[in-house]
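Asks: File name upload_39.cif; file contents mmCIF, C-alpha atoms; full text below.
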```
data_input
loop_
_atom_site.label_atom_id
_atom_site.label_comp_id
_atom_site.auth_asym_id
_atom_site.auth_seq_id
_atom_site.Cartn_x
_atom_site.Cartn_y
_atom_site.Cartn_z
CA MET Y 1 -19.79 21.55 9.57
CA THR Y 2 -20.97 18.11 8.54
CA PRO Y 3 -18.23 15.61 7.64
CA SER Y 4 -19.27 15.54 3.99
CA ALA Y 5 -18.79 19.31 3.69
CA THR Y 6 -15.29 19.29 5.18
CA PRO Y 7 -12.67 19.26 2.42
CA SER Y 8 -10.46 16.76 4.17
CA ALA Y 9 -9.25 13.20 3.93
CA TYR Y 10 -10.23 12.69 7.57
CA THR Y 11 -13.15 13.02 9.92
CA PRO Y 12 -13.00 12.91 13.71
CA ALA Y 13 -13.49 9.60 15.54
CA PRO Y 14 -13.03 10.28 19.25
CA GLU Y 15 -14.97 7.16 20.30
CA ARG Y 16 -12.62 4.85 18.41
CA ARG Y 17 -11.26 1.63 19.92
CA PHE Y 18 -7.76 1.77 18.45
CA ASN Y 19 -4.96 4.30 18.22
CA VAL Y 20 -1.94 4.77 15.98
CA GLY Y 21 0.68 2.13 16.80
CA ASP Y 22 -1.77 -0.42 18.23
CA CYS Y 23 -1.23 -4.02 17.12
CA VAL Y 24 -4.37 -5.46 15.60
CA ARG Y 25 -5.48 -8.62 13.85
CA VAL Y 26 -7.96 -8.75 10.99
CA ARG Y 27 -10.84 -11.11 11.76
CA SER Y 28 -10.77 -14.47 10.01
CA ALA Y 29 -14.45 -14.22 9.15
CA HIS Y 30 -15.76 -15.04 5.65
CA PRO Y 31 -19.26 -13.62 5.53
CA PRO Y 32 -21.01 -13.64 2.16
CA GLY Y 33 -21.88 -10.44 0.37
CA HIS Y 34 -20.11 -7.19 -0.30
CA ARG Y 35 -17.01 -6.69 1.86
CA ARG Y 36 -14.08 -4.36 1.44
CA THR Y 37 -11.67 -6.42 3.53
CA PRO Y 38 -9.66 -8.47 1.01
CA ALA Y 39 -9.47 -12.23 1.59
CA TYR Y 40 -5.66 -12.16 1.57
CA ILE Y 41 -5.48 -10.01 4.70
CA ARG Y 42 -8.01 -11.83 6.86
CA GLY Y 43 -6.46 -13.32 9.97
CA LYS Y 44 -3.28 -11.26 9.53
CA LYS Y 45 -1.60 -9.15 12.15
CA GLY Y 46 -0.69 -5.51 11.55
CA GLU Y 47 -0.32 -2.11 13.12
CA ILE Y 48 -2.59 0.95 13.03
CA GLU Y 49 -0.87 3.47 10.76
CA ARG Y 50 -3.50 6.22 11.00
CA VAL Y 51 -7.11 6.90 11.88
CA CYS Y 52 -9.06 7.94 8.78
CA GLY Y 53 -12.29 8.78 10.57
CA ARG Y 54 -15.88 7.66 10.44
CA PHE Y 55 -17.66 6.67 7.27
CA PRO Y 56 -20.95 4.99 6.39
CA ASN Y 57 -20.53 1.21 6.27
CA PRO Y 58 -19.98 0.15 2.62
CA GLU Y 59 -21.27 -3.34 3.42
CA GLU Y 60 -24.68 -1.74 4.00
CA LEU Y 61 -24.48 0.99 1.34
CA ALA Y 62 -23.99 -1.74 -1.25
CA TYR Y 63 -27.55 -2.95 -0.63
CA GLY Y 64 -29.31 0.39 -0.54
CA PHE Y 65 -29.14 1.10 3.18
CA ASP Y 66 -27.75 4.37 4.46
CA GLY Y 67 -24.76 2.76 6.16
CA GLU Y 68 -25.45 4.49 9.46
CA PRO Y 69 -24.23 4.49 12.13
CA ARG Y 70 -20.83 5.36 10.70
CA ARG Y 71 -17.95 3.00 11.40
CA VAL Y 72 -14.40 3.96 12.24
CA LEU Y 73 -11.92 3.38 9.41
CA TYR Y 74 -8.20 2.87 9.97
CA ARG Y 75 -5.15 2.50 7.77
CA VAL Y 76 -3.36 -0.64 8.86
CA ARG Y 77 0.21 -1.51 7.94
CA PHE Y 78 1.25 -5.14 7.50
CA ARG Y 79 4.74 -6.58 7.04
CA GLN Y 80 4.70 -8.51 3.79
CA SER Y 81 6.63 -11.30 5.55
CA ASP Y 82 3.62 -11.64 7.92
CA VAL Y 83 1.14 -11.77 5.05
CA TRP Y 84 2.69 -14.17 2.52
CA PRO Y 85 4.48 -17.42 3.28
CA ALA Y 86 7.95 -17.29 1.73
CA TYR Y 87 7.77 -13.58 0.84
CA GLU Y 88 11.22 -12.73 -0.48
CA SER Y 89 12.72 -9.30 -0.58
CA PRO Y 90 16.11 -7.76 0.18
CA SER Y 91 14.44 -5.25 2.50
CA GLU Y 92 11.42 -5.03 4.77
CA ASP Y 93 8.36 -4.43 2.60
CA PHE Y 94 4.82 -3.51 3.63
CA VAL Y 95 1.28 -3.67 2.35
CA GLU Y 96 -1.13 -1.08 3.71
CA MET Y 97 -4.85 -0.69 3.42
CA GLU Y 98 -7.95 0.63 5.08
CA ILE Y 99 -9.81 -1.65 7.44
CA TYR Y 100 -13.06 -0.91 9.23
CA GLU Y 101 -13.05 -1.21 13.01
CA HIS Y 102 -15.55 -4.06 13.09
CA TRP Y 103 -13.05 -6.19 11.17
CA LEU Y 104 -10.30 -5.64 13.75
CA GLU Y 105 -9.49 -7.15 17.11
CA PRO Y 106 -6.58 -6.38 19.42
CA ALA Y 107 -3.52 -8.56 18.75
CA MET M 108 -37.15 16.42 -30.65
CA SER M 109 -33.92 15.15 -32.08
CA HIS M 110 -30.75 14.74 -30.00
CA ASP M 111 -27.31 15.17 -31.53
CA HIS M 112 -25.97 11.88 -30.31
CA ARG M 113 -28.58 9.89 -32.18
CA HIS M 114 -27.09 11.10 -35.44
CA ASP M 115 -23.43 10.86 -34.48
CA PRO M 116 -21.50 8.61 -36.79
CA ALA M 117 -19.94 5.68 -34.96
CA LYS M 118 -16.74 7.01 -33.45
CA ASP M 119 -15.16 3.63 -33.01
CA GLU M 120 -14.27 1.41 -35.91
CA GLY M 121 -16.54 -1.41 -36.94
CA PRO M 122 -20.09 -2.23 -35.93
CA PRO M 123 -21.02 -1.48 -32.33
CA SER M 124 -20.58 -4.29 -29.82
CA GLU M 125 -23.43 -5.64 -27.74
CA HIS M 126 -22.15 -3.65 -24.75
CA GLU M 127 -21.81 -0.43 -26.67
CA ILE M 128 -25.43 -0.76 -27.70
CA LEU M 129 -26.42 -1.61 -24.14
CA SER M 130 -24.61 1.44 -22.78
CA ARG M 131 -26.26 3.71 -25.32
CA ALA M 132 -29.64 2.17 -24.56
CA LEU M 133 -29.19 2.75 -20.83
CA GLN M 134 -28.31 6.38 -21.39
CA GLU M 135 -31.19 7.11 -23.78
CA LEU M 136 -33.70 5.40 -21.53
CA LEU M 137 -32.47 7.41 -18.56
CA GLU M 138 -32.72 10.62 -20.58
CA GLU M 139 -36.29 9.77 -21.56
CA LYS M 140 -37.13 9.11 -17.93
CA GLY M 141 -35.67 12.48 -16.94
CA VAL M 142 -33.01 10.92 -14.72
CA LEU M 143 -30.15 12.66 -16.54
CA THR M 144 -29.43 14.63 -19.67
CA ALA M 145 -27.05 14.04 -22.58
CA GLU M 146 -25.41 17.32 -21.67
CA GLN M 147 -24.54 16.10 -18.17
CA VAL M 148 -22.89 12.99 -19.57
CA ARG M 149 -21.05 15.04 -22.16
CA LYS M 150 -19.76 17.38 -19.46
CA ARG M 151 -18.42 14.42 -17.43
CA MET M 152 -16.68 13.09 -20.54
CA GLU M 153 -15.04 16.50 -20.99
CA LEU M 154 -13.84 16.58 -17.39
CA PHE M 155 -12.29 13.13 -17.69
CA GLU M 156 -10.72 13.96 -21.02
CA ALA M 157 -9.46 17.48 -20.58
CA GLU M 158 -9.43 18.49 -16.94
CA PHE M 159 -8.70 15.63 -14.55
CA PRO M 160 -5.60 14.15 -16.25
CA GLN M 161 -3.54 17.32 -15.95
CA ARG M 162 -4.16 18.02 -12.29
CA GLY M 163 -1.94 15.45 -10.60
CA ALA M 164 1.34 16.57 -12.14
CA ARG M 165 0.55 20.21 -11.37
CA VAL M 166 -0.21 19.50 -7.71
CA ILE M 167 2.91 17.40 -7.16
CA ALA M 168 5.11 19.90 -9.05
CA HIS M 169 3.75 22.62 -6.79
CA ALA M 170 4.60 20.48 -3.75
CA TRP M 171 8.14 20.00 -5.04
CA ALA M 172 8.52 23.74 -5.49
CA ASN M 173 6.91 24.71 -2.20
CA PRO M 174 7.95 22.81 0.96
CA ALA M 175 5.14 24.29 3.08
CA PHE M 176 2.55 23.07 0.53
CA MET M 177 4.28 19.67 0.44
CA LYS M 178 3.81 19.40 4.20
CA ARG M 179 0.11 20.25 3.91
CA LEU M 180 -0.32 17.83 1.00
CA LEU M 181 1.20 14.97 2.96
CA ALA M 182 -0.93 15.80 6.01
CA ASP M 183 -4.25 15.93 4.15
CA GLY M 184 -4.34 15.52 0.39
CA LYS M 185 -7.92 16.57 -0.20
CA ALA M 186 -7.65 19.75 1.87
CA ALA M 187 -4.39 20.70 0.15
CA CYS M 188 -6.00 20.26 -3.28
CA ALA M 189 -9.03 22.29 -2.19
CA GLU M 190 -6.63 25.05 -1.21
CA SER M 191 -5.31 24.96 -4.81
CA GLY M 192 -8.86 25.34 -6.09
CA LEU M 193 -9.20 21.68 -7.03
CA ASP M 194 -12.43 19.99 -6.03
CA LEU M 195 -11.65 16.29 -5.90
CA GLU M 196 -15.39 15.61 -5.61
CA ALA M 197 -15.94 12.44 -3.62
CA ASP M 198 -12.28 11.44 -3.52
CA ARG M 199 -10.48 11.65 -0.22
CA LEU M 200 -6.79 11.78 -0.94
CA ILE M 201 -3.70 10.49 0.82
CA ALA M 202 -0.39 11.49 -0.73
CA VAL M 203 2.41 9.04 0.03
CA GLU M 204 5.97 10.23 -0.25
CA ASN M 205 8.84 8.34 -1.82
CA THR M 206 12.12 8.76 0.09
CA PRO M 207 15.62 7.35 -0.32
CA ARG M 208 14.48 4.46 1.91
CA VAL M 209 10.85 3.97 0.77
CA HIS M 210 9.09 3.45 -2.55
CA ASN M 211 5.29 3.54 -2.79
CA VAL M 212 3.00 1.86 -5.31
CA ILE M 213 -0.81 1.96 -5.58
CA VAL M 214 -3.40 -0.67 -6.49
CA CYS M 215 -7.04 -1.49 -5.91
CA THR M 216 -7.16 -5.28 -5.71
CA LEU M 217 -10.96 -5.36 -5.33
CA CYS M 218 -11.91 -3.20 -8.33
CA SER M 219 -10.19 -0.11 -9.75
CA CYS M 220 -10.36 2.65 -7.15
CA TYR M 221 -8.06 5.41 -8.31
CA PRO M 222 -7.92 9.18 -7.71
CA ARG M 223 -9.80 9.90 -10.94
CA ALA M 224 -10.52 13.54 -10.14
CA LEU M 225 -6.76 14.08 -9.77
CA LEU M 226 -5.30 11.78 -12.43
CA GLY M 227 -8.13 11.05 -14.88
CA MET M 228 -8.99 7.51 -15.91
CA PRO M 229 -6.78 4.68 -14.71
CA PRO M 230 -4.67 2.95 -17.37
CA THR M 231 -5.80 -0.45 -18.63
CA TRP M 232 -2.97 -2.22 -16.81
CA TYR M 233 -4.09 -0.78 -13.45
CA LYS M 234 -7.55 -2.28 -13.96
CA SER M 235 -6.18 -5.59 -15.24
CA GLU M 236 -6.67 -8.74 -13.22
CA ASN M 237 -2.98 -9.62 -13.30
CA TYR M 238 -1.85 -6.31 -11.82
CA ARG M 239 -4.51 -6.54 -9.13
CA ARG M 240 -3.50 -10.14 -8.34
CA ARG M 241 0.25 -9.74 -8.29
CA VAL M 242 1.39 -6.30 -7.16
CA VAL M 243 0.37 -6.85 -3.52
CA ARG M 244 2.28 -10.13 -3.42
CA GLU M 245 5.36 -9.53 -5.56
CA PRO M 246 5.75 -5.78 -6.07
CA ARG M 247 9.41 -5.94 -7.05
CA ALA M 248 8.77 -8.41 -9.86
CA VAL M 249 5.79 -6.36 -11.07
CA LEU M 250 7.78 -3.13 -11.07
CA ARG M 251 10.51 -4.86 -13.08
CA GLU M 252 7.89 -5.64 -15.75
CA PHE M 253 7.39 -1.88 -16.00
CA GLY M 254 11.14 -1.43 -16.34
CA THR M 255 11.49 -0.04 -12.82
CA VAL M 256 14.11 -1.53 -10.54
CA ILE M 257 13.95 -0.57 -6.88
CA PRO M 258 17.32 -0.81 -5.08
CA ASP M 259 17.78 -3.52 -2.46
CA ASP M 260 18.03 -1.08 0.44
CA VAL M 261 14.72 0.58 -0.41
CA SER M 262 11.59 -0.78 1.19
CA ILE M 263 8.35 -1.03 -0.84
CA ARG M 264 4.96 -0.02 0.51
CA VAL M 265 2.02 -1.25 -1.55
CA HIS M 266 -1.21 0.65 -0.89
CA ASP M 267 -4.40 -1.27 -1.58
CA SER M 268 -7.13 1.37 -2.03
CA ASN M 269 -9.86 -0.81 -0.71
CA ALA M 270 -12.14 1.65 1.08
CA ASP M 271 -12.77 5.38 1.16
CA MET M 272 -9.29 6.76 0.63
CA ARG M 273 -7.55 7.34 -2.70
CA TYR M 274 -3.81 7.57 -3.15
CA VAL M 275 -1.20 9.44 -5.12
CA VAL M 276 2.54 8.86 -4.98
CA VAL M 277 4.81 11.86 -4.45
CA PRO M 278 8.01 10.82 -6.26
CA MET M 279 11.42 12.02 -5.12
CA ARG M 280 12.51 15.08 -7.00
CA PRO M 281 15.43 13.98 -9.20
CA LYS M 282 18.82 15.66 -9.35
CA GLY M 283 19.22 17.97 -12.31
CA THR M 284 15.93 19.80 -11.75
CA GLU M 285 17.35 22.58 -9.63
CA GLY M 286 15.92 25.95 -10.64
CA TRP M 287 13.16 24.41 -12.79
CA ASP M 288 9.81 26.15 -12.79
CA GLU M 289 6.62 24.26 -11.94
CA GLU M 290 5.70 23.68 -15.57
CA GLN M 291 9.04 21.98 -16.22
CA LEU M 292 8.68 19.95 -13.03
CA ALA M 293 5.17 18.86 -14.02
CA SER M 294 6.46 17.69 -17.41
CA ILE M 295 8.44 14.83 -15.81
CA LEU M 296 5.65 13.82 -13.45
CA THR M 297 3.99 11.30 -15.72
CA ARG M 298 0.90 9.41 -14.66
CA ASP M 299 2.94 6.26 -14.13
CA THR M 300 5.24 8.05 -11.67
CA LEU M 301 2.21 9.15 -9.64
CA VAL M 302 0.93 5.57 -9.37
CA GLY M 303 4.39 4.31 -8.46
CA VAL M 304 5.33 2.02 -11.37
CA ALA M 305 7.83 4.48 -12.82
CA LEU M 306 10.35 7.04 -11.59
CA PRO M 307 10.55 10.58 -13.01
CA LYS M 308 13.29 10.98 -15.59
CA VAL M 309 15.20 14.19 -16.26
CA MET I 310 -13.43 -19.61 0.74
CA ASN I 311 -13.73 -16.88 -1.80
CA ARG I 312 -17.21 -16.15 -3.09
CA ASN I 313 -16.39 -12.72 -4.47
CA PRO I 314 -14.93 -12.88 -7.99
CA ALA I 315 -13.38 -9.43 -7.51
CA ASP I 316 -11.39 -10.43 -4.42
CA ILE I 317 -8.27 -11.54 -6.25
CA GLY I 318 -5.34 -9.90 -4.45
CA GLY I 319 -2.48 -12.36 -4.01
CA GLU I 320 -3.60 -14.93 -6.56
CA ALA I 321 -0.97 -16.36 -8.88
CA ALA I 322 -1.09 -14.80 -12.33
CA GLY I 323 0.90 -14.31 -15.50
CA PRO I 324 2.65 -11.27 -16.94
CA ILE I 325 1.00 -7.87 -16.94
CA ASP I 326 0.26 -6.09 -20.21
CA THR I 327 2.02 -2.88 -19.19
CA VAL I 328 0.86 -0.86 -22.19
CA ASP I 329 -2.04 1.52 -21.57
CA HIS I 330 -4.54 0.71 -24.31
CA GLY I 331 -6.67 3.75 -23.53
CA MET I 332 -10.40 3.86 -24.00
CA LYS I 333 -12.67 3.54 -27.00
CA PHE I 334 -15.26 6.27 -27.48
CA TRP I 335 -18.11 4.09 -26.21
CA GLU I 336 -16.08 3.26 -23.11
CA LYS I 337 -15.57 6.96 -22.38
CA GLN I 338 -19.30 7.43 -22.73
CA ALA I 339 -20.03 4.41 -20.50
CA ASN I 340 -17.64 5.80 -17.91
CA ALA I 341 -19.25 9.24 -18.06
CA LEU I 342 -22.69 7.64 -17.74
CA ARG I 343 -21.65 5.71 -14.66
CA ASN I 344 -20.05 8.81 -13.18
CA THR I 345 -23.14 10.95 -13.86
CA LEU I 346 -25.24 8.36 -12.04
CA THR I 347 -23.00 8.30 -8.97
CA SER I 348 -22.45 12.04 -8.72
CA GLY I 349 -26.18 12.54 -9.22
CA LYS I 350 -26.68 10.06 -6.36
CA VAL I 351 -28.96 7.91 -8.50
CA VAL I 352 -26.81 4.94 -7.50
CA ARG I 353 -23.98 4.55 -5.03
CA LEU I 354 -20.53 3.36 -6.01
CA ASP I 355 -20.85 0.63 -3.37
CA GLU I 356 -24.02 -0.64 -5.08
CA LEU I 357 -22.25 -0.72 -8.44
CA ARG I 358 -19.36 -2.67 -6.99
CA ARG I 359 -21.75 -5.15 -5.43
CA ALA I 360 -23.64 -5.49 -8.70
CA ALA I 361 -20.35 -6.23 -10.50
CA GLU I 362 -19.41 -8.85 -7.90
CA GLU I 363 -22.81 -10.48 -8.36
CA LEU I 364 -21.93 -11.22 -11.99
CA GLY I 365 -20.19 -14.33 -10.61
CA ASP I 366 -18.37 -16.31 -13.28
CA ARG I 367 -19.32 -13.74 -15.89
CA TYR I 368 -16.96 -11.36 -14.09
CA TYR I 369 -13.93 -13.07 -15.62
CA ARG I 370 -15.40 -13.37 -19.10
CA LEU I 371 -16.11 -9.67 -19.54
CA GLY I 372 -13.82 -6.75 -20.21
CA TYR I 373 -13.73 -3.94 -17.68
CA PHE I 374 -16.32 -1.63 -19.28
CA GLU I 375 -18.51 -4.55 -20.30
CA ARG I 376 -18.60 -5.49 -16.64
CA THR I 377 -19.39 -2.01 -15.41
CA THR I 378 -22.12 -1.59 -18.06
CA GLU I 379 -23.80 -4.87 -17.07
CA ALA I 380 -23.53 -3.86 -13.42
CA VAL I 381 -25.22 -0.52 -14.19
CA ARG I 382 -27.97 -2.32 -16.11
CA ASN I 383 -28.62 -4.88 -13.38
CA LEU I 384 -28.64 -2.24 -10.66
CA LEU I 385 -31.00 0.10 -12.50
CA LEU I 386 -33.38 -2.80 -13.20
CA GLU I 387 -33.19 -3.73 -9.52
CA LYS I 388 -34.09 -0.15 -8.59
CA GLY I 389 -36.96 -0.13 -11.05
CA LEU I 390 -35.80 2.87 -13.04
CA PHE I 391 -37.04 1.05 -16.12
CA THR I 392 -38.38 -2.37 -16.95
CA ARG I 393 -36.61 -5.17 -18.77
CA SER I 394 -39.05 -4.85 -21.65
CA GLU I 395 -38.44 -1.11 -21.95
CA LEU I 396 -34.73 -1.82 -22.11
CA GLU I 397 -35.13 -4.57 -24.69
CA GLY I 398 -37.28 -2.23 -26.77
CA LYS I 399 -34.66 0.50 -26.61
CA ILE I 400 -31.86 -1.91 -27.55
CA LYS I 401 -33.89 -3.09 -30.55
CA GLU I 402 -34.50 0.52 -31.60
CA ILE I 403 -30.78 1.36 -31.43
CA ARG I 404 -29.81 -1.78 -33.33
CA GLY I 405 -32.28 -0.71 -35.98
CA ARG I 406 -30.39 2.57 -36.50
CA TYR I 407 -27.18 0.72 -37.27
CA ASP I 408 -28.81 -1.81 -39.52
CA SER I 409 -30.45 0.79 -41.77
#
```
Any chance you could give the structure as structure tokens?
Replies:
Amino acid sequence: MTPSATPSAYTPAPERRFNVGDCVRVRSAHPPGHRRTPAYIRGKKGEIERVCGRFPNPEELAYGFDGEPRRVLYRVRFRQSDVWPAYESPSEDFVEMEIYEHWLEPA
Amino acid sequence: MSHDHRHDPAKDEGPPSEHEILSRALQELLEEKGVLTAEQVRKRMELFEAEFPQRGARVIAHAWANPAFMKRLLADGKAACAESGLDLEADRLIAVENTPRVHNVIVCTLCSCYPRALLGMPPTWYKSENYRRRVVREPRAVLREFGTVIPDDVSIRVHDSNADMRYVVVPMRPKGTEGWDEEQLASILTRDTLVGVALPKV
Amino acid sequence: MNRNPADIGGEAAGPIDTVDHGMKFWEKQANALRNTLTSGKVVRLDELRRAAEELGDRYYRLGYFERTTEAVRNLLLEKGLFTRSELEGKIKEIRGRYDS
């Protein structure tokens, strides 16, 4: 069954570099063009929350390419206190998002 | 050959804006080129209007009523919806559960990604620049603007739907709903509770 | 350095208008048009997002559906589904219906 036919939120990614629980850092790169890694999270340190699978690269799809080969997509959890200077909250808050593997390095 | 829509009276008040005319022009040109039909567009409008908006509450109510389904929903939202006969189309779905220690809220800072096939169209505030700017940075203050106060001992998780996943919040089932059927449960699961800016009220 | 006008998470901003103002009829039609194009794989969602980001400063001056409509137009012109003069002709024709 091809990934697009599977009614699931996830696709397999056995060749992935990272696993759940790994500490990662988002690259501090600022390439021009269409990116789905928000500026506010670049350079920040977080933890792999889950592996979403492999998807065509949106940075390529945006310009009419087929986005192959697929890239591994992760959900990464960040402590808000690690993301914003002077983040104030009575309890530990988090911001979580999906980051493609090529935007991550081990922390 | 005449098409109905060319003779529709304006459905919005006042003369059409430049963008309304542009949108109509795009559609008619595409119809003439055989790229799509008026019927296809009409069918999508129907889905967004009548079908999509009622699905979310029904799915979450079913999860409240059925712990085994809840487990499957939390493990894989799209597969659980498919099991209920709901085709979420392109959307991949992650359901995030509120607990006594955790409150979830959804945003798409980069545009307006939203589980449309489950909840219908996003509200104007969700697409607004100020929500997109602020909720990732000061969620408690933003939730207060919606009249929602999260207790001090509850941690907030903001989910920025920036790639291929879409999100729905599974609120905590309030006290006072014991013995309710799924229709009653669905009635308190408003759209705002499923995005995380409100809590269900009995 | 932030070249993408859509990349606004974390910026300082004022109060949020928490009322849902819904959609006008033309906006529902514009939304359905966009959705028909993506589900028909005529355009990809990623291309539409990129086209919206390429609006640059205009991004902030337009309402949500105005933005998405201009993005659809620019993308379809880019893909050559019609020419600029065909579009201008069609716009003129539609304006004519309202003026009469």
Asks: Would you work out the distance separating atom CA of Leu386 of chain I from atom CA of Glu363 of chain I, expressed in Å to one decimal?
Replies: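 Atom CA of Glu363 of chain I lies 13.9 Å from atom CA of Leu386 of chain I.
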Asks: Please evaluate the PyMOL selection byres ((chain I) within 6 of (chain M)) against the displayed coordinates and give the resulting residues as a PyMOL selection string.
Replies: chain I and resi 315-320+322+325+327+329-330+335+339+341-342+375+399-400
Asks: Quick one: apply the PyMOL selection byres ((chain Y and resi 93) around 6) to the file and drop the selected residues here as a VMD selection string.
Replies: (chain Y and resid 80 92 94) or (chain M and resid 262 to 264)
Asks: Please identify all polymer residues within 6 Å of segment 42-46 of chain Y, counting all atoms listed in the file, omitting same-chain residues fewer than 4 positions from it, and present them as JSON, numbers by chain.
Replies: {"Y": [23, 24, 25, 26, 27, 28, 77, 78]}
Asks: Counting only C-alpha atoms, what is within 7 Å of Val72 of chain Y, bar same-chain residues fewer than 3 positions away, as a list in words?
Replies: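 Counting only the stated atoms, we get Ala13, Arg16, Gly53, Arg54, Phe55, Tyr100 and Glu101 of chain Y.
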Asks: Please expand the PyMOL selection byres ((chain Y and resi 20) around 10) into the concrete residues it hits in this file, giving the result as a list in words.
Replies: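 Checking the PyMOL selection byres ((chain Y and resi 20) around 10) against this file, the residues are Phe18, Asn19, Gly21, Asp22, Cys23, Glu47, Ile48, Glu49, Arg50, Val51, Tyr74, Arg75 and Val76 of chain Y.
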Asks: Separation of atom CA of Glu98 of chain Y and atom CA of Cys52 of chain Y, in Å?
Replies: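 Atom-to-atom, atom CA of Glu98 of chain Y and atom CA of Cys52 of chain Y are spaced 8.3 Å apart.
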Asks: Tell me, counting all atoms listed in the file, for each residue of chain Y within 12 Å of chain I, which pair of atoms is nearest and how far apart they are in Å to one decimal, in rows ordered by chain and increasing number, as a tab-separated table.
Replies:
```
residue	atom	partner	partner_atom	distance
Y:Ser28	CA	I:Met310	CA	10.9
Y:Ala29	CA	I:Met310	CA	10.0
Y:His30	CA	I:Met310	CA	7.1
Y:Pro31	CA	I:Arg312	CA	9.2
Y:Pro32	CA	I:Arg312	CA	7.0
Y:Gly33	CA	I:Asn313	CA	7.7
Y:His34	CA	I:Arg359	CA	5.8
Y:Arg35	CA	I:Asn313	CA	8.8
Y:Arg36	CA	I:Asp316	CA	8.9
Y:Thr37	CA	I:Asp316	CA	8.9
Y:Pro38	CA	I:Asp316	CA	6.0
Y:Ala39	CA	I:Asp316	CA	6.6
Y:Tyr40	CA	I:Gly319	CA	6.4
Y:Ile41	CA	I:Gly318	CA	9.2
Y:Arg42	CA	I:Met310	CA	11.3
Y:Pro56	CA	I:Asp355	CA	10.7
Y:Asn57	CA	I:Asp355	CA	9.7
Y:Pro58	CA	I:Asp355	CA	6.1
Y:Glu59	CA	I:Asp355	CA	7.9
Y:Glu60	CA	I:Asp355	CA	8.6
Y:Leu61	CA	I:Asp355	CA	6.0
Y:Ala62	CA	I:Glu356	CA	4.0
Y:Tyr63	CA	I:Glu356	CA	6.1
Y:Gly64	CA	I:Glu356	CA	7.0
Y:Phe65	CA	I:Glu356	CA	9.9
Y:Asp66	CA	I:Arg353	CA	10.2
Y:Gly67	CA	I:Asp355	CA	10.5
Y:Gln80	CA	I:Gly319	CA	11.3
Y:Val83	CA	I:Gly319	CA	9.8
Y:Trp84	CA	I:Gly319	CA	8.5
Y:Pro85	CA	I:Gly319	CA	11.3
Y:Tyr87	CA	I:Gly319	CA	11.4
Y:Val95	CA	I:Gly318	CA	11.4
```
Asks: Just the selected residues (C-alpha atoms), exported as a PDB file, in the coordinates of the input, please.
Replies:
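Listed below is the output, part-v8.pdb:
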```
ATOM      1  CA  SER Y  28     -10.770 -14.470  10.010  1.00  0.00           C
ATOM      2  CA  ALA Y  29     -14.450 -14.220   9.150  1.00  0.00           C
ATOM      3  CA  HIS Y  30     -15.760 -15.040   5.650  1.00  0.00           C
ATOM      4  CA  PRO Y  31     -19.260 -13.620   5.530  1.00  0.00           C
ATOM      5  CA  PRO Y  32     -21.010 -13.640   2.160  1.00  0.00           C
ATOM      6  CA  GLY Y  33     -21.880 -10.440   0.370  1.00  0.00           C
ATOM      7  CA  HIS Y  34     -20.110  -7.190  -0.300  1.00  0.00           C
ATOM      8  CA  ARG Y  35     -17.010  -6.690   1.860  1.00  0.00           C
ATOM      9  CA  ARG Y  36     -14.080  -4.360   1.440  1.00  0.00           C
ATOM     10  CA  THR Y  37     -11.670  -6.420   3.530  1.00  0.00           C
ATOM     11  CA  PRO Y  38      -9.660  -8.470   1.010  1.00  0.00           C
ATOM     12  CA  ALA Y  39      -9.470 -12.230   1.590  1.00  0.00           C
ATOM     13  CA  TYR Y  40      -5.660 -12.160   1.570  1.00  0.00           C
ATOM     14  CA  ILE Y  41      -5.480 -10.010   4.700  1.00  0.00           C
ATOM     15  CA  ARG Y  42      -8.010 -11.830   6.860  1.00  0.00           C
ATOM     16  CA  PRO Y  56     -20.950   4.990   6.390  1.00  0.00           C
ATOM     17  CA  ASN Y  57     -20.530   1.210   6.270  1.00  0.00           C
ATOM     18  CA  PRO Y  58     -19.980   0.150   2.620  1.00  0.00           C
ATOM     19  CA  GLU Y  59     -21.270  -3.340   3.420  1.00  0.00           C
ATOM     20  CA  GLU Y  60     -24.680  -1.740   4.000  1.00  0.00           C
ATOM     21  CA  LEU Y  61     -24.480   0.990   1.340  1.00  0.00           C
ATOM     22  CA  ALA Y  62     -23.990  -1.740  -1.250  1.00  0.00           C
ATOM     23  CA  TYR Y  63     -27.550  -2.950  -0.630  1.00  0.00           C
ATOM     24  CA  GLY Y  64     -29.310   0.390  -0.540  1.00  0.00           C
ATOM     25  CA  PHE Y  65     -29.140   1.100   3.180  1.00  0.00           C
ATOM     26  CA  ASP Y  66     -27.750   4.370   4.460  1.00  0.00           C
ATOM     27  CA  GLY Y  67     -24.760   2.760   6.160  1.00  0.00           C
ATOM     28  CA  GLN Y  80       4.700  -8.510   3.790  1.00  0.00           C
ATOM     29  CA  VAL Y  83       1.140 -11.770   5.050  1.00  0.00           C
ATOM     30  CA  TRP Y  84       2.690 -14.170   2.520  1.00  0.00           C
ATOM     31  CA  PRO Y  85       4.480 -17.420   3.280  1.00  0.00           C
ATOM     32  CA  TYR Y  87       7.770 -13.580   0.840  1.00  0.00           C
ATOM     33  CA  VAL Y  95       1.280  -3.670   2.350  1.00  0.00           C
TER      34      VAL Y  95
END
```
Asks: With all atoms listed in the file considered, list every residue of chain M at most 7 Å from chain Y, as an NGL selection string.
Replies: :M and (183-186 or 189 or 199-201 or 243 or 259-270)
Asks: What does the distance between atom CA of Val209 of chain M and atom CA of Gly286 of chain M come to in Å, to one decimal place?
Replies: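 So the two atoms, atom CA of Val209 of chain M and atom CA of Gly286 of chain M, lie 25.3 Å apart.
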